[in-house]
Amino acid sequence: MQKKPRTKRNKQKPGLAPGTIVYTGQKSSQSLFIEVFNYSSHHITEKELTNIDDAFTYKSESTEEVTWININGLNHTDSIEKMGKHYGIHPLILEDIANISQRPKIDEFENYLAISMKMLSYDDKLGLNSEQISFILGHNYVLSFQEAEGDVFEGLRERLRHGKGRIKSLGSDYLLYALIDSVVDHYYLVIEAIGEKIEDLEDELFNGTAKNQVTNQIQDLKREILRIRRAVFPLRDIINRIEKSEHKLINPKTLPFFQDVYDHTIQVNENTEIYREMVWGLMDMYMTSISNKMNEVMKVLTIMSSIFIPLTFIAGIYGMNFDNMPELHHKNGYPILLVVMVIMFIFMLFYFKRKKWL
Amino acid sequence: MQKKPRTKRNKQKPGLAPGTIVYTGQKSSQSLFIEVFNYSSHHITEKELTNIDDAFTYKSESTEEVTWININGLNHTDSIEKMGKHYGIHPLILEDIANISQRPKIDEFENYLAISMKMLSYDDKLGLNSEQISFILGHNYVLSFQEAEGDVFEGLRERLRHGKGRIKSLGSDYLLYALIDSVVDHYYLVIEAIGEKIEDLEDELFNGTAKNQVTNQIQDLKREILRIRRAVFPLRDIINRIEKSEHKLINPKTLPFFQDVYDHTIQVNENTEIYREMVWGLMDMYMTSISNKMNEVMKVLTIMSSIFIPLTFIAGIYGMNFDNMPELHHKNGYPILLVVMVIMFIFMLFYFKRKKWL
Amino acid sequence: MQKKPRTKRNKQKPGLAPGTIVYTGQKSSQSLFIEVFNYSSHHITEKELTNIDDAFTYKSESTEEVTWININGLNHTDSIEKMGKHYGIHPLILEDIANISQRPKIDEFENYLAISMKMLSYDDKLGLNSEQISFILGHNYVLSFQEAEGDVFEGLRERLRHGKGRIKSLGSDYLLYALIDSVVDHYYLVIEAIGEKIEDLEDELFNGTAKNQVTNQIQDLKREILRIRRAVFPLRDIINRIEKSEHKLINPKTLPFFQDVYDHTIQVNENTEIYREMVWGLMDMYMTSISNKMNEVMKVLTIMSSIFIPLTFIAGIYGMNFDNMPELHHKNGYPILLVVMVIMFIFMLFYFKRKKWL
Amino acid sequence: MQKKPRTKRNKQKPGLAPGTIVYTGQKSSQSLFIEVFNYSSHHITEKELTNIDDAFTYKSESTEEVTWININGLNHTDSIEKMGKHYGIHPLILEDIANISQRPKIDEFENYLAISMKMLSYDDKLGLNSEQISFILGHNYVLSFQEAEGDVFEGLRERLRHGKGRIKSLGSDYLLYALIDSVVDHYYLVIEAIGEKIEDLEDELFNGTAKNQVTNQIQDLKREILRIRRAVFPLRDIINRIEKSEHKLINPKTLPFFQDVYDHTIQVNENTEIYREMVWGLMDMYMTSISNKMNEVMKVLTIMSSIFIPLTFIAGIYGMNFDNMPELHHKNGYPILLVVMVIMFIFMLFYFKRKKWL
Amino acid sequence: MQKKPRTKRNKQKPGLAPGTIVYTGQKSSQSLFIEVFNYSSHHITEKELTNIDDAFTYKSESTEEVTWININGLNHTDSIEKMGKHYGIHPLILEDIANISQRPKIDEFENYLAISMKMLSYDDKLGLNSEQISFILGHNYVLSFQEAEGDVFEGLRERLRHGKGRIKSLGSDYLLYALIDSVVDHYYLVIEAIGEKIEDLEDELFNGTAKNQVTNQIQDLKREILRIRRAVFPLRDIINRIEKSEHKLINPKTLPFFQDVYDHTIQVNENTEIYREMVWGLMDMYMTSISNKMNEVMKVLTIMSSIFIPLTFIAGIYGMNFDNMPELHHKNGYPILLVVMVIMFIFMLFYFKRKKWL
């Protein structure tokens, strides 16, 4: 019996001053890794940095070029703080970037938008994995902060490198959209994995091959679905606020794209709700499957007892030592009794057959 | 034991650029089939095309004629793209038309309205079938996109052909209404089929003829009801937005008709909720039916044991080999004991009769 | 085992043109019966007609007299259509009047208000009965359309005939209020009947006199409560809209009366919700009553087995045929053993007594 | 087994004209009893009347004095009608005052406010008792109508008599507040009684001392909580409307007091919801306690059977009458067998001990 | 079996005049203890007082200094009243400060804000502990009222003393924020403790080590979660109202901090909801674990009975005393029968093995 590791919980550190940047996750050995994409419609430069100071040069005022700076390693809080100062980001936002238990949210400032959300992935053995990703959308740049390397943006990088799609001729707001869209697209994969797990469990319960640990699996599924819901539900409001904010950083031409990702978020939400209802039904299924098994056990006991207890009684009768038992001395007493017993046996079988217990 | 095929899930292709038209369904061998109805109050032309280019001629500016172009075969994404370009439709809308897992929705543009919804049908063996249908309402045309041939518009076609109803003298907005109305009317049939399945199950559970697979049937029903809800629920907002939008393409005279279909949507929603509650009750019914059966089994066991175990004990007493057991040597010891046993037997029967276990 | 007839479902006829008047009920042999009350503060005329044309004369423009035309027999769709044309009613409204599965609703037009609602009644054997009633409120008339004869307006007719109450000196809006009020007043009777049925079931479950069919009764109760809810819930919005509409046909002096019936509707709704929760609790009660019974059965089995199986074993010991069993040859062996057995028996009884199983 | 009387239900009298004052309660033998408090900041007069006409003199126009007329005995509908006419109260309000099944509500008129609410009390034997109380707030008077004598205003009377608190120097609106506050304060006692009953039941279920009637007690608790909720829930809106109405009869200085009673109402509501959830959990607790008991019963049966059935079989072996059974003739056959049996017995005990069934 | 003390309930004292300050808690022996922090950006004074009059000097008009007066001991109602008079606080607010069952709330006055909320802490043995804390925010002071010594502000005191953070250079509104933030930060610890208790219970249920009292533990957990919800839920509105009020005491620069604590409140709320769903699942888990155990018990009984009852019957056959039983006299009759019995035994074992009952 193997049990998944306990839900990671955020270690809050009550008593610290607000705005203190503390990494609350567990990947504290992650080394800092910074990826920079600098592009306009006719060129693209891609660099990998390990020192935060090298990333400062990309905050230019030219509207031609868009820069995406992707910072991996939230444990390097000093670097995040430096970055924040250079780009003029509010200390509370920096605190939230490093606090991986942050609820998805958006903060609007005059010169930038700060968005935190969750990248979800699903592993059959480890279950649901949730990593925090934060975006800062500025005039011609997008900063993204991840806990560790490994993300869902590979397709986007390819499109940037090979100039596919309209992405390179559009501004930083479209880049933000493309990043959010990549994250939301992966939610479908997670939801699908959950859905398949539910159908597997249903099949197991139906075939009677479910093991005792099924209750734990169901409880884990519930927990995972509730965590997904917690990650996805606030996204609706976040994207809605981007659409409605009329922020100067959001080009009206990008709005239909945000509307599209908004529709996806609603759809993921709905699917989560559906799976939630299905999972609650699983426990009932398990309960009935247990009861059905017990019924089967009881039937075997009842049939065996009902057949042999009366027969044993009859044998007991003729095992008594009364002086005067004429049947005992009848020549065919024994064979006649055996025949009677066989008839009783057949009758009982027939009776249980008719009751559909056999 | 036959199991329905697994819920089809949409294969999202994360990493593709937004606006890329990908058919996400399974009917990839469907050949392109285009149906054109061109009519005004005094004439009607009906054509069947297999080449998308032939459909381009129908986008005229004359307000006299209304054209309905019904395109079957979402797998022909090139044709959809061409069509989209000719009619000036936003790429994201075209993407949604081909993505059959799209949530029902409406998008308003200056020159057209784009609506996606689900055509539902119910087959006793295959269960709920859901096909996506998308409408584009333009100035004097309606485009409809279906995954495959076979739909719910036969009655509407007849009314167009034979000039019944007011439809031919009214504009494209009335045609859109008539199409949506046909889809919603079929929801009633689906809901009715679900309702009958629920009552069948209730009867089976009540009569005790339900098989083990009843839990799966109930879980399937839940799933189907949740899918219907997902198809029907967004329709309320969609039709409400048509009514409230004051879009230039919607003639105020058509509004009472949309109000009518709006009322139908609410009614379908309500019925879905009722059946949802009924289905959740089914599991409880099944649970009690199992427990009732177990009770019956236990009663048989208890009655048999309670009657014969004491009798066997008494027989055992007189099977003992003590030298000094005066009863054994009494002349009528054996018949007296038999009488005592019969009395005990009758007494027990009487006892269980009074307890209403027999 | 008698089962109530299946829920009647509306046969939708997909494919018909909107505005086609089709009677969807089952009382197709009902003959047309028209009742006319024509009154002012100082006189009243009451007539019974069988021909729809005779009812046309009552649409006068004089503000002095109020006319109530009560039409029974929705199967006479021709007459409804004629009536509709004479009084200038929208075809969709006429369609809804004849469609008995119509959800309660209100439609406001410039010259009239159209309201559809449900008359509920409860019969102990047939269960909940729901009949559709539609009202058309015009300048000085109210039309009412019922499926069949027999309604809840007898008290109102008496008040009209004998001039009791303020009704005769007030306009058609007050008549509409009085009609709706009569319908809502009868909802209380239905709710009360449901409530009594629930308490009956609770008593049966408590006394253990409930039969197996209790699950069906509970499921039927759920269904009935959900149907009542469906009939009552939309009424709140309908009456609220009458109050808020400031329609020229509604005299401000009548508003407190509509407010009163609005309060009643809310109260009926609340009671329905309460009974809904109670009914869901019934299934749990039944479940525990089954389990309690099984407990009782098991106790009997356990007590009988635990007492006699050890005793039988002891008897078996002394039924063995070993050559060398000194107890068998002891003079008082047999009576001593009997005493031991009686002691064991009493001990077991005492044990089960202490466990409170006896 | 004693059962509480059935829920009293309101006998609606369909067919009566609106505004007809009908007492719908059961205390029809209550004699009319009128209590009058007439006070200003420097004096107070207290009188008890039995004739309604004597109460008419207190409707003065002087703003100095405040009069509280407390009428007990809703069965005296004539007196209520007279009172209503004298103080110019709408007939529908008078009808609601006498209709004890009236939902709590507020009606605003130009010269007075009419409020109906429920006085709740809890008796350990009779359960929840709910009495209707209605208030009419006029310029310098408050009328209160109760079904019968006995109320929750004793503390308020004391404060009036002995001039404690600021009450005597403030107007009729403060008196209304003080009355409502007294009613709401008593809700806490009721809620507390319910809470204690729930904890008692939890303890009983935990200790296994719960009787069979526990399901009925739980169902009764549910019903009571739902009734409390029905009494308390509308109060929020009522008090909110008093606060928001800016009615000329409500002095802005009294508003903080109404805000305070509003907070109390919300708190009572929340507590009711908490107890509702707790009560729903009770049924589950009961269910598991039944199952636990059954488990215990089954264990006793299984242990007894598993120990003695094999031993009995062995005794049966040596009770057989084969000619050639050498063990029977062995000198120590019998004692050896007894030893073997004791060893088997000990082994089984050990086995069940390890399984933790003993 | 150890039971936690009953939920403390507030003893309401109906009949008291509004504004009467009554301490409703249980710590009536707490001595008055007053702590004063007086600071500006460049200095800090810290004092401990035991007499309320000494605290009056700190209400200065200078905007330079901020004073935090922390009063412990709500049982000293006289001192609270004096304090209230000195600082001009409404009597109803003072009443709420002393009434520890007060729901969290905010009251806005022209010169001060009054906020009541709950400090939660969790002890593994005593369970959830909730203490009321009230804040009065004035122009340059914050008063805090606690039931007893011991709070969650130690970290804040350290920051004040050692000048860490920006706190000393900001006004009283930031101090209020810091106090509320400290309280909310501790909610996470409580939620975490609840979460761990739930996972412990899940593990116990899964491993089968759960004791009978598990139902009580679950019911207690439910109660605790509902109490947390009651404490946390109103906070959202409170902080939202601080943000939206545009009160002159709230500096716009402090708003992002309140937004931050608002986000935390929402997150705590969401986690509470998740744990609530998990707890409701626990009862189902327990139920299935009981049923699984019963299944195991039944299997043992069934296996033992099914094996030995038929064998005992056969032994009974050959224990009969018929004169004419040829098998008995066969030379190898006895060993042959023993072999047959062993074969039957093995066959039954094999049968149950195949059924997976062994």
# chains A, B, ... in the order shown; residues from 1 in each chain; ligands from 1
call {"tool": "residues_around", "arguments": {"residues": "Lys248 in chain E", "least_positions_apart": "5", "cutoff": "9 Å", "atoms": "only C-alpha atoms", "output": "list in words"}}
result
Glu110, Asn111 and His139 of chain E
call {"tool": "write_last_selection", "arguments": {"atoms": "all heavy atoms", "output": "PDB file, in the first residue's frame"}}
result
ATOM      1  N   GLU E 110     -18.011  59.226  12.060  1.00  0.00           N
ATOM      2  CA  GLU E 110     -17.286  60.327  11.424  1.00  0.00           C
ATOM      3  C   GLU E 110     -15.834  60.364  11.881  1.00  0.00           C
ATOM      4  O   GLU E 110     -14.937  60.587  11.079  1.00  0.00           O
ATOM      5  CB  GLU E 110     -17.987  61.654  11.756  1.00  0.00           C
ATOM      6  CG  GLU E 110     -17.835  62.671  10.656  1.00  0.00           C
ATOM      7  CD  GLU E 110     -18.196  64.053  11.146  1.00  0.00           C
ATOM      8  OE1 GLU E 110     -19.172  64.157  11.923  1.00  0.00           O
ATOM      9  OE2 GLU E 110     -17.502  65.000  10.784  1.00  0.00           O
ATOM     10  N   ASN E 111     -15.609  60.144  13.195  1.00  0.00           N
ATOM     11  CA  ASN E 111     -14.264  60.331  13.733  1.00  0.00           C
ATOM     12  C   ASN E 111     -13.511  59.051  14.028  1.00  0.00           C
ATOM     13  O   ASN E 111     -12.361  59.107  14.436  1.00  0.00           O
ATOM     14  CB  ASN E 111     -14.345  61.166  15.020  1.00  0.00           C
ATOM     15  CG  ASN E 111     -14.793  62.567  14.700  1.00  0.00           C
ATOM     16  OD1 ASN E 111     -14.276  63.185  13.765  1.00  0.00           O
ATOM     17  ND2 ASN E 111     -15.784  63.058  15.433  1.00  0.00           N
ATOM     18  N   HIS E 139      -7.984  59.166  14.824  1.00  0.00           N
ATOM     19  CA  HIS E 139      -7.108  60.008  14.002  1.00  0.00           C
ATOM     20  C   HIS E 139      -5.634  59.603  14.122  1.00  0.00           C
ATOM     21  O   HIS E 139      -4.956  59.398  13.113  1.00  0.00           O
ATOM     22  CB  HIS E 139      -7.300  61.480  14.423  1.00  0.00           C
ATOM     23  CG  HIS E 139      -6.310  62.393  13.809  1.00  0.00           C
ATOM     24  ND1 HIS E 139      -6.099  62.439  12.450  1.00  0.00           N
ATOM     25  CD2 HIS E 139      -5.432  63.273  14.357  1.00  0.00           C
ATOM     26  CE1 HIS E 139      -5.159  63.309  12.180  1.00  0.00           C
ATOM     27  NE2 HIS E 139      -4.745  63.828  13.323  1.00  0.00           N
TER      28      HIS E 139
END
call {"tool": "closest_atom_pairs", "arguments": {"of": "chain C", "to": "chain B", "cutoff": "6 Å", "atoms": "only C-alpha atoms", "output": "JSON lines"}}
result
{"residue": "C:Pro14", "atom": "CA", "partner": "B:Asp185", "partner_atom": "CA", "distance": 5.6}
{"residue": "C:Gly15", "atom": "CA", "partner": "B:Gly155", "partner_atom": "CA", "distance": 3.9}
{"residue": "C:Ala17", "atom": "CA", "partner": "B:Gly165", "partner_atom": "CA", "distance": 5.7}
{"residue": "C:Met294", "atom": "CA", "partner": "B:Asn295", "partner_atom": "CA", "distance": 5.6}
{"residue": "C:Leu301", "atom": "CA", "partner": "B:Thr302", "partner_atom": "CA", "distance": 4.9}
{"residue": "C:Met304", "atom": "CA", "partner": "B:Ser306", "partner_atom": "CA", "distance": 5.8}
{"residue": "C:Phe308", "atom": "CA", "partner": "B:Pro310", "partner_atom": "CA", "distance": 5.9}
{"residue": "C:Thr312", "atom": "CA", "partner": "B:Phe313", "partner_atom": "CA", "distance": 4.7}
{"residue": "C:Ala315", "atom": "CA", "partner": "B:Ile317", "partner_atom": "CA", "distance": 5.3}
{"residue": "C:Tyr318", "atom": "CA", "partner": "B:Met320", "partner_atom": "CA", "distance": 4.9}
{"residue": "C:Gly319", "atom": "CA", "partner": "B:Met320", "partner_atom": "CA", "distance": 3.9}
{"residue": "C:Leu328", "atom": "CA", "partner": "B:Phe322", "partner_atom": "CA", "distance": 4.3}
{"residue": "C:His329", "atom": "CA", "partner": "B:Asp323", "partner_atom": "CA", "distance": 5.4}
call {"tool": "atom_distance", "arguments": {"atom1": "CA of Phe350 in chain B", "atom2": "CA of Phe345 in chain C"}}
result
22.7 Å
call {"tool": "residues_around", "arguments": {"residues": "Ile89 in chain C", "least_positions_apart": "5", "cutoff": "12 Å", "atoms": "only C-alpha atoms", "output": "VMD selection string"}}
result
chain C and resid 19 80 to 84 94 to 97 107 to 114 135 to 138 143
call {"tool": "calpha_fit_rmsd", "arguments": {"fixed": "chain C", "moving": "chain A"}}
result
0.2 Å
call {"tool": "residues_around", "arguments": {"residues": "Ile106 in chain B", "least_positions_apart": "4", "cutoff": "10 Å", "atoms": "only C-alpha atoms", "output": "PyMOL selection string"}}
result
chain B and resi 93+113-117+134-136+234-235+237-239+241-242
call {"tool": "write_last_selection", "arguments": {"atoms": "C-alpha atoms", "output": "PDB file, in the first residue's frame"}}
result
ATOM      1  CA  ILE B  93     -14.636  32.188 -34.825  1.00  0.00           C
ATOM      2  CA  LEU B 113     -23.413  37.388 -35.286  1.00  0.00           C
ATOM      3  CA  ALA B 114     -21.656  34.070 -34.612  1.00  0.00           C
ATOM      4  CA  ILE B 115     -23.453  31.469 -32.507  1.00  0.00           C
ATOM      5  CA  SER B 116     -22.273  28.002 -31.534  1.00  0.00           C
ATOM      6  CA  MET B 117     -24.582  25.494 -29.901  1.00  0.00           C
ATOM      7  CA  SER B 134     -22.568  26.947 -35.549  1.00  0.00           C
ATOM      8  CA  PHE B 135     -24.515  29.763 -37.156  1.00  0.00           C
ATOM      9  CA  ILE B 136     -23.285  32.938 -38.805  1.00  0.00           C
ATOM     10  CA  PRO B 234     -25.325  28.734 -21.808  1.00  0.00           C
ATOM     11  CA  LEU B 235     -28.186  29.032 -24.320  1.00  0.00           C
ATOM     12  CA  ASP B 237     -27.464  33.849 -21.942  1.00  0.00           C
ATOM     13  CA  ILE B 238     -26.972  33.520 -25.682  1.00  0.00           C
ATOM     14  CA  ILE B 239     -30.604  34.128 -26.538  1.00  0.00           C
ATOM     15  CA  ARG B 241     -27.981  38.590 -25.466  1.00  0.00           C
ATOM     16  CA  ILE B 242     -29.610  38.390 -28.892  1.00  0.00           C
TER      17      ILE B 242
END
call {"tool": "residues_around", "arguments": {"residues": "Asp220 in chain B", "least_positions_apart": "2", "cutoff": "10 Å", "atoms": "only C-alpha atoms", "output": "list in words"}}
result
Met278 of chain A; Lys4, Thr7, Gly127, Leu128, Val214, Thr215, Asn216, Gln217, Ile218, Lys222, Arg223, Glu224, Ile225 and Leu226 of chain B
call {"tool": "atom_distance", "arguments": {"atom1": "CA of Thr45 in chain E", "atom2": "CA of Tyr141 in chain E"}}
result
13.9 Å
call {"tool": "residues_around", "arguments": {"residues": "range 28-34 of chain C", "least_positions_apart": "4", "cutoff": "6 Å", "atoms": "only C-alpha atoms", "output": "PyMOL selection string"}}
result
chain C and resi 48-50+70-73+75
call {"tool": "write_last_selection", "arguments": {"atoms": "N, CA and C atoms", "output": "mmCIF file, in the first residue's frame"}}
result
data_model
loop_
_atom_site.group_PDB
_atom_site.id
_atom_site.type_symbol
_atom_site.label_atom_id
_atom_site.label_comp_id
_atom_site.auth_asym_id
_atom_site.auth_seq_id
_atom_site.Cartn_x
_atom_site.Cartn_y
_atom_site.Cartn_z
ATOM 1 N N GLU C 48 -74.038 31.334 -20.211
ATOM 2 C CA GLU C 48 -73.224 30.182 -20.609
ATOM 3 C C GLU C 48 -73.382 29.974 -22.098
ATOM 4 N N LEU C 49 -72.243 29.933 -22.830
ATOM 5 C CA LEU C 49 -72.285 29.809 -24.279
ATOM 6 C C LEU C 49 -71.581 28.520 -24.699
ATOM 7 N N THR C 50 -71.911 28.073 -25.901
ATOM 8 C CA THR C 50 -71.176 26.932 -26.444
ATOM 9 C C THR C 50 -70.565 27.278 -27.792
ATOM 10 N N ASN C 70 -64.758 33.070 -19.570
ATOM 11 C CA ASN C 70 -64.006 31.900 -19.137
ATOM 12 C C ASN C 70 -64.224 30.779 -20.128
ATOM 13 N N ILE C 71 -63.171 30.422 -20.900
ATOM 14 C CA ILE C 71 -63.305 29.425 -21.959
ATOM 15 C C ILE C 71 -62.721 28.095 -21.490
ATOM 16 N N ASN C 72 -63.554 27.043 -21.488
ATOM 17 C CA ASN C 72 -63.119 25.705 -21.108
ATOM 18 C C ASN C 72 -63.005 24.849 -22.364
ATOM 19 N N GLY C 73 -61.867 24.156 -22.517
ATOM 20 C CA GLY C 73 -61.707 23.265 -23.671
ATOM 21 C C GLY C 73 -60.613 23.724 -24.606
ATOM 22 N N ASN C 75 -58.851 21.981 -26.382
ATOM 23 C CA ASN C 75 -58.788 21.160 -27.589
ATOM 24 C C ASN C 75 -59.485 21.834 -28.775
#
call {"tool": "select_by_dssp", "arguments": {"residues": "range 113-299 of chain E", "states": "strand (DSSP E or B)", "output": "JSON, numbers by chain"}}
result
{"E": [113, 114, 115, 116, 117, 118, 119, 120, 121, 122, 123, 127, 128, 129, 130, 131, 132, 133, 134, 135, 136, 137, 141, 142, 143, 144, 145, 146]}
call {"tool": "residues_around", "arguments": {"residues": "Asn38 in chain E", "least_positions_apart": "5", "cutoff": "6 Å", "atoms": "only C-alpha atoms", "output": "PDB file with N, CA, C and O atoms, in the first residue's frame"}}
result
ATOM      1  N   ILE E  44      10.096  55.641  19.949  1.00  0.00           N
ATOM      2  CA  ILE E  44       9.029  54.764  20.416  1.00  0.00           C
ATOM      3  C   ILE E  44       9.076  54.660  21.940  1.00  0.00           C
ATOM      4  O   ILE E  44      10.141  54.557  22.552  1.00  0.00           O
ATOM      5  N   THR E  45       7.898  54.757  22.569  1.00  0.00           N
ATOM      6  CA  THR E  45       7.775  54.570  24.015  1.00  0.00           C
ATOM      7  C   THR E  45       6.829  53.396  24.250  1.00  0.00           C
ATOM      8  O   THR E  45       5.789  53.311  23.598  1.00  0.00           O
ATOM      9  N   VAL E  66       1.789  58.229  16.718  1.00  0.00           N
ATOM     10  CA  VAL E  66       0.708  57.251  16.666  1.00  0.00           C
ATOM     11  C   VAL E  66       0.727  56.470  17.977  1.00  0.00           C
ATOM     12  O   VAL E  66       1.802  56.123  18.476  1.00  0.00           O
ATOM     13  N   THR E  67      -0.461  56.240  18.549  1.00  0.00           N
ATOM     14  CA  THR E  67      -0.531  55.506  19.812  1.00  0.00           C
ATOM     15  C   THR E  67      -1.379  54.248  19.647  1.00  0.00           C
ATOM     16  O   THR E  67      -2.464  54.302  19.079  1.00  0.00           O
TER      17      THR E  67
END
